[in-house]
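Everything on this sheet refers to the single structure shown next.
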Amino acid sequence: MDDADLPPEDSKLTRSKQQWASQGKFLTGVHSRPEEERLPPGQHLTVKWPVLDLGRQPDIARERWKLEVTGMVARPVTLDWAGLMALPQTRLRSDIHCVTSWSRYDNDWQGVLTRDLLAAVEPHDEAQAVMLHGYDGYTTNVLLRDFAAADAIVAHGWAGQPLARDHGGPARLVIPHLYFWKSAKWIRKIELIGADKPGFWEVNGYHMRGDPWDEQRYSKE
Ligand SMILES: Nc1nc2c(c(=O)[nH]1)N[C@H]1C(S)=C(S)[C@@H](COP(=O)(O)O)O[C@H]1N2
Ligand SMILES: [Mo]
């Protein structure tokens, strides 16, 4: 029988729609799920980009800036600005998740992928973790496999502009899949180490790994 001969309320489409309504099909399947998956548990969205640090914002001109990549590597390097620029340059977009519960979507970074840095220095097999050092004396630790994530970047540009000093310019690390305290600003030294050991916040009660999807905020759960 042709659906066009029936009253609309008995058509296949009407019956399907009634079924979808009773199942809540589009409520869970289409509308809310993508949002829930993008924002980690306990986080809220912000549009502005807050500034968080220890209160010392070093003023390092690009001409004076240097980045040491050292430790358990075959070919340690000290990059000056020209050296950083000579490495492959990448643009990518990622979200920020700060442990203080704000998240900010769609940050456009420009810089050098950590994978490209690692390819240049050739890590030893025994290297398991990385200590990141800022010009302000800040330190934070990450596992080498987190440091080497495909979207981790030493960023010198944000939204098409040079990275501002208060956000860690001339250059900072960005590791999007971990809480933002792991993303060291004013990066001065990247040190590959054997066993993982705690940096500044990790000594002060924060988690060694800091995965926002597992709410790894503090060292005591
Ligand atoms: N060198 C350095 N890096 C740092 C910090 C710092 O105090 N010094 N603070 C961390 C913390 S706790 C956060 S939340 C982010 C904040 O980066 P933003 O100021 O660009 O938002 O930087 C991280 N990296
Ligand atoms: Mo933070």
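In the structure tokens, chains take letters A, B, ... by order of appearance, with residues numbered from 1 within each chain and ligands from 1 in the order shown.
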- Message: Could you list, as a list in words, every residue within 8 Å of Tyr105 of chain A, counting only C-alpha atoms and ignoring same-chain residues fewer than 3 positions away?
- Response: Leu45, Val47, Ser94, Asp95 and Ile96 of chain A
Keeping all heavy atoms for every residue in the selection just given, could you write it to a file as a tab-separated table (two decimals), in the first residue's frame?
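Full text of selection22.tsv as output:
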```tsv
chain	number	residue	atom	x	y	z
A	45	LEU	N	33.31	26.34	30.04
A	45	LEU	CA	33.91	27.05	28.92
A	45	LEU	C	34.14	28.51	29.22
A	45	LEU	O	33.32	29.15	29.87
A	45	LEU	CB	32.98	26.97	27.71
A	45	LEU	CG	33.22	25.86	26.73
A	45	LEU	CD1	32.32	26.06	25.53
A	45	LEU	CD2	34.68	25.82	26.29
A	47	VAL	N	35.55	32.20	27.11
A	47	VAL	CA	35.88	32.78	25.81
A	47	VAL	C	37.18	33.58	25.93
A	47	VAL	O	38.06	33.52	25.09
A	47	VAL	CB	34.74	33.67	25.29
A	47	VAL	CG1	35.13	34.36	23.99
A	47	VAL	CG2	33.50	32.81	25.07
A	94	SER	N	43.76	23.64	18.78
A	94	SER	CA	43.45	22.71	19.86
A	94	SER	C	42.73	23.43	21.00
A	94	SER	O	42.66	24.66	21.05
A	94	SER	CB	44.73	22.03	20.37
A	94	SER	OG	45.63	22.99	20.89
A	95	ASP	N	42.21	22.65	21.94
A	95	ASP	CA	41.49	23.15	23.11
A	95	ASP	C	42.42	23.21	24.32
A	95	ASP	O	43.34	22.40	24.44
A	95	ASP	CB	40.30	22.25	23.44
A	95	ASP	CG	39.28	22.19	22.30
A	95	ASP	OD1	39.33	23.06	21.41
A	95	ASP	OD2	38.44	21.26	22.31
A	96	ILE	N	42.15	24.16	25.22
A	96	ILE	CA	42.89	24.29	26.48
A	96	ILE	C	41.98	23.82	27.62
A	96	ILE	O	40.82	24.22	27.68
A	96	ILE	CB	43.29	25.76	26.72
A	96	ILE	CG1	44.29	26.25	25.68
A	96	ILE	CG2	43.86	25.94	28.14
A	96	ILE	CD1	44.56	27.77	25.74
```
Just list as a PyMOL selection string whatever in segment 3-193 of chain A DSSP marks as alpha helix (DSSP H). chain A and resi 12-23+25-26+33-38+81-86+114-121+144-147
Produce a file of the selected residues containing C-alpha atoms, as a compact mmCIF listing (two decimals), in the first residue's frame.
```
# COMPACT_ATOMS: atom_id res chain seq x y z
CA LYS A 12 5.92 5.51 7.91
CA LEU A 13 7.53 8.84 8.63
CA THR A 14 5.00 9.72 11.32
CA ARG A 15 5.38 6.35 12.97
CA SER A 16 9.14 6.68 12.88
CA LYS A 17 9.00 10.15 14.40
CA GLN A 18 6.72 8.95 17.20
CA GLN A 19 9.18 6.19 17.93
CA TRP A 20 12.13 8.57 17.92
CA ALA A 21 10.30 10.86 20.34
CA SER A 22 9.58 8.06 22.80
CA GLN A 23 13.21 6.94 22.59
CA LYS A 25 16.59 9.62 19.80
CA PHE A 26 17.87 13.01 18.73
CA ARG A 33 26.64 14.02 22.93
CA PRO A 34 29.27 15.92 20.92
CA GLU A 35 29.25 18.73 23.50
CA GLU A 36 29.66 16.30 26.37
CA GLU A 37 32.60 14.67 24.70
CA ARG A 38 34.49 17.84 23.97
CA TRP A 81 65.51 32.02 17.41
CA ALA A 82 66.87 31.41 13.89
CA GLY A 83 67.44 27.76 14.83
CA LEU A 84 63.83 27.38 15.95
CA MET A 85 62.61 29.00 12.75
CA ALA A 86 64.79 26.69 10.66
CA THR A 114 57.64 18.24 19.60
CA ARG A 115 57.95 15.28 17.20
CA ASP A 116 60.10 17.39 14.90
CA LEU A 117 62.26 18.48 17.85
CA LEU A 118 62.67 14.89 19.01
CA ALA A 119 63.63 13.74 15.52
CA ALA A 120 66.45 16.30 15.61
CA VAL A 121 67.88 15.25 19.00
CA LEU A 144 57.92 11.22 26.98
CA ARG A 145 54.96 9.62 25.21
CA ASP A 146 52.74 12.53 26.29
CA PHE A 147 55.38 15.06 25.25
```
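Using only C-alpha atoms and all ligand atoms, residues with at least one atom at most 8 Å away from any atom of ligand 2 are Leu52, Asp53, Cys98, Val99, Thr100, Tyr179, Phe180 and Trp181 of chain A.
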Of A:Gln128, A:Gln110, A:Thr78, A:Asn141, the one sitting nearest ligand 1 when using only C-alpha atoms and all ligand atoms is A:Asn141
Within-7 Å residues of ligand 1, basis only C-alpha atoms and all ligand atoms, as a PyMOL selection string
chain A and resi 49-55+98-99+133-139+166-168+180-187
Given the selection you just returned, output its residues as a file containing N, CA and C atoms, formatted as a short mmCIF file (atom, residue, chain, number, x, y, z; two decimals), in the first residue's frame.
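Done, and the output landed in out27.cif:
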```
data_model
loop_
_atom_site.label_atom_id
_atom_site.label_comp_id
_atom_site.auth_asym_id
_atom_site.auth_seq_id
_atom_site.Cartn_x
_atom_site.Cartn_y
_atom_site.Cartn_z
N TRP A 49 40.89 34.46 27.50
CA TRP A 49 42.01 33.57 27.82
C TRP A 49 42.67 34.08 29.10
N PRO A 50 42.40 33.44 30.26
CA PRO A 50 43.01 33.89 31.51
C PRO A 50 44.53 33.72 31.50
N VAL A 51 45.21 34.53 32.31
CA VAL A 51 46.65 34.41 32.50
C VAL A 51 46.91 33.79 33.87
N LEU A 52 47.68 32.69 33.90
CA LEU A 52 48.02 32.04 35.16
C LEU A 52 49.50 31.71 35.20
N ASP A 53 50.18 32.16 36.22
CA ASP A 53 51.59 31.81 36.40
C ASP A 53 51.99 32.14 37.83
N LEU A 54 53.29 32.06 38.11
CA LEU A 54 53.76 32.27 39.48
C LEU A 54 53.91 33.76 39.80
N GLY A 55 53.58 34.63 38.84
CA GLY A 55 53.64 36.07 39.08
C GLY A 55 54.91 36.73 38.58
N CYS A 98 42.28 23.92 31.72
CA CYS A 98 43.05 24.29 32.90
C CYS A 98 42.48 23.59 34.12
N VAL A 99 43.35 23.19 35.03
CA VAL A 99 42.90 22.44 36.21
C VAL A 99 42.02 23.30 37.12
N HIS A 133 61.51 23.28 31.69
CA HIS A 133 62.00 24.39 32.52
C HIS A 133 61.65 25.72 31.86
N GLY A 134 61.06 26.63 32.63
CA GLY A 134 60.75 27.96 32.13
C GLY A 134 61.79 28.98 32.57
N TYR A 135 61.85 30.12 31.87
CA TYR A 135 62.76 31.21 32.25
C TYR A 135 62.40 31.82 33.60
N ASP A 136 61.21 31.54 34.11
CA ASP A 136 60.80 32.05 35.43
C ASP A 136 61.17 31.08 36.55
N GLY A 137 61.85 29.96 36.22
CA GLY A 137 62.21 28.99 37.23
C GLY A 137 61.18 27.88 37.40
N TYR A 138 60.06 27.99 36.69
CA TYR A 138 59.00 26.98 36.75
C TYR A 138 59.49 25.67 36.15
N THR A 139 59.03 24.56 36.73
CA THR A 139 59.29 23.25 36.13
C THR A 139 58.00 22.45 36.12
N ASP A 166 52.72 37.61 28.28
CA ASP A 166 52.01 37.09 29.47
C ASP A 166 51.52 35.66 29.27
N HIS A 167 51.42 35.21 28.03
CA HIS A 167 51.05 33.82 27.77
C HIS A 167 52.27 32.94 27.48
N GLY A 168 53.47 33.48 27.72
CA GLY A 168 54.66 32.64 27.62
C GLY A 168 55.57 32.94 26.45
N PHE A 180 46.54 22.26 31.58
CA PHE A 180 47.40 23.31 31.00
C PHE A 180 48.63 23.62 31.85
N TRP A 181 48.66 23.20 33.12
CA TRP A 181 49.87 23.49 33.90
C TRP A 181 51.07 22.74 33.35
N LYS A 182 50.82 21.66 32.56
CA LYS A 182 51.92 20.92 31.93
C LYS A 182 52.52 21.67 30.75
N SER A 183 51.84 22.70 30.30
CA SER A 183 52.29 23.46 29.12
C SER A 183 53.15 24.64 29.58
N ALA A 184 54.44 24.39 29.74
CA ALA A 184 55.35 25.39 30.31
C ALA A 184 55.46 26.63 29.43
N LYS A 185 55.28 27.80 30.05
CA LYS A 185 55.46 29.08 29.37
C LYS A 185 56.96 29.45 29.40
N TRP A 186 57.36 30.43 28.58
CA TRP A 186 58.75 30.93 28.53
C TRP A 186 59.75 29.77 28.56
N ILE A 187 59.55 28.82 27.66
CA ILE A 187 60.33 27.58 27.71
C ILE A 187 61.81 27.85 27.48
#
```
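Closest approach to Thr46 of chain A among A:Gln216, A:His124, A:Asp106, A:Pro170 is made by A:Asp106 (distances from only C-alpha atoms).
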>> Can you pull out every residue from chain A that DSSP, working from the backbone, puts in strand (DSSP E or B), and format the result as a PyMOL selection string?
In response: chain A and resi 44-45+66-71+73+77-80+90-97+102-113+123+129-134+139-143+153-158+161-162+172-174+187-193+206+218
Interatomic distance, atom CA of Leu173 of chain A to atom CA of Ile153 of chain A (Å, one decimal):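 Separating atom CA of Leu173 of chain A from atom CA of Ile153 of chain A is a distance of 5.9 Å.
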- Nearest residue to Arg188 of chain A from the set A:Arg172, A:Arg209, A:His156, A:Arg93 (distances using only C-alpha atoms):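 Using only C-alpha atoms, Arg188 of chain A sits closest to A:Arg172.
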Name the closest residue to Ala149 of chain A among the candidates A:Asp125, A:Pro176, A:Val130, A:Val112; distances are taken between atoms, counting only C-alpha atoms.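 Residue with the minimum atom-to-atom distance to Ala149 of chain A: A:Pro176.
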Between atom CA of Leu143 of chain A and atom CA of Ala195 of chain A lies a distance of 9.1 Å
A:Ala129, A:Leu87, A:Met208, A:Val174: which is nearest Ala150 of chain A, counting only C-alpha atoms?
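For Ala150 of chain A, the nearest of the candidates is A:Val174.
Atom pair atom CA of Trp201 of chain A / atom CA of Met72 of chain A has a distance of 23.4 Å (rounded to one decimal).
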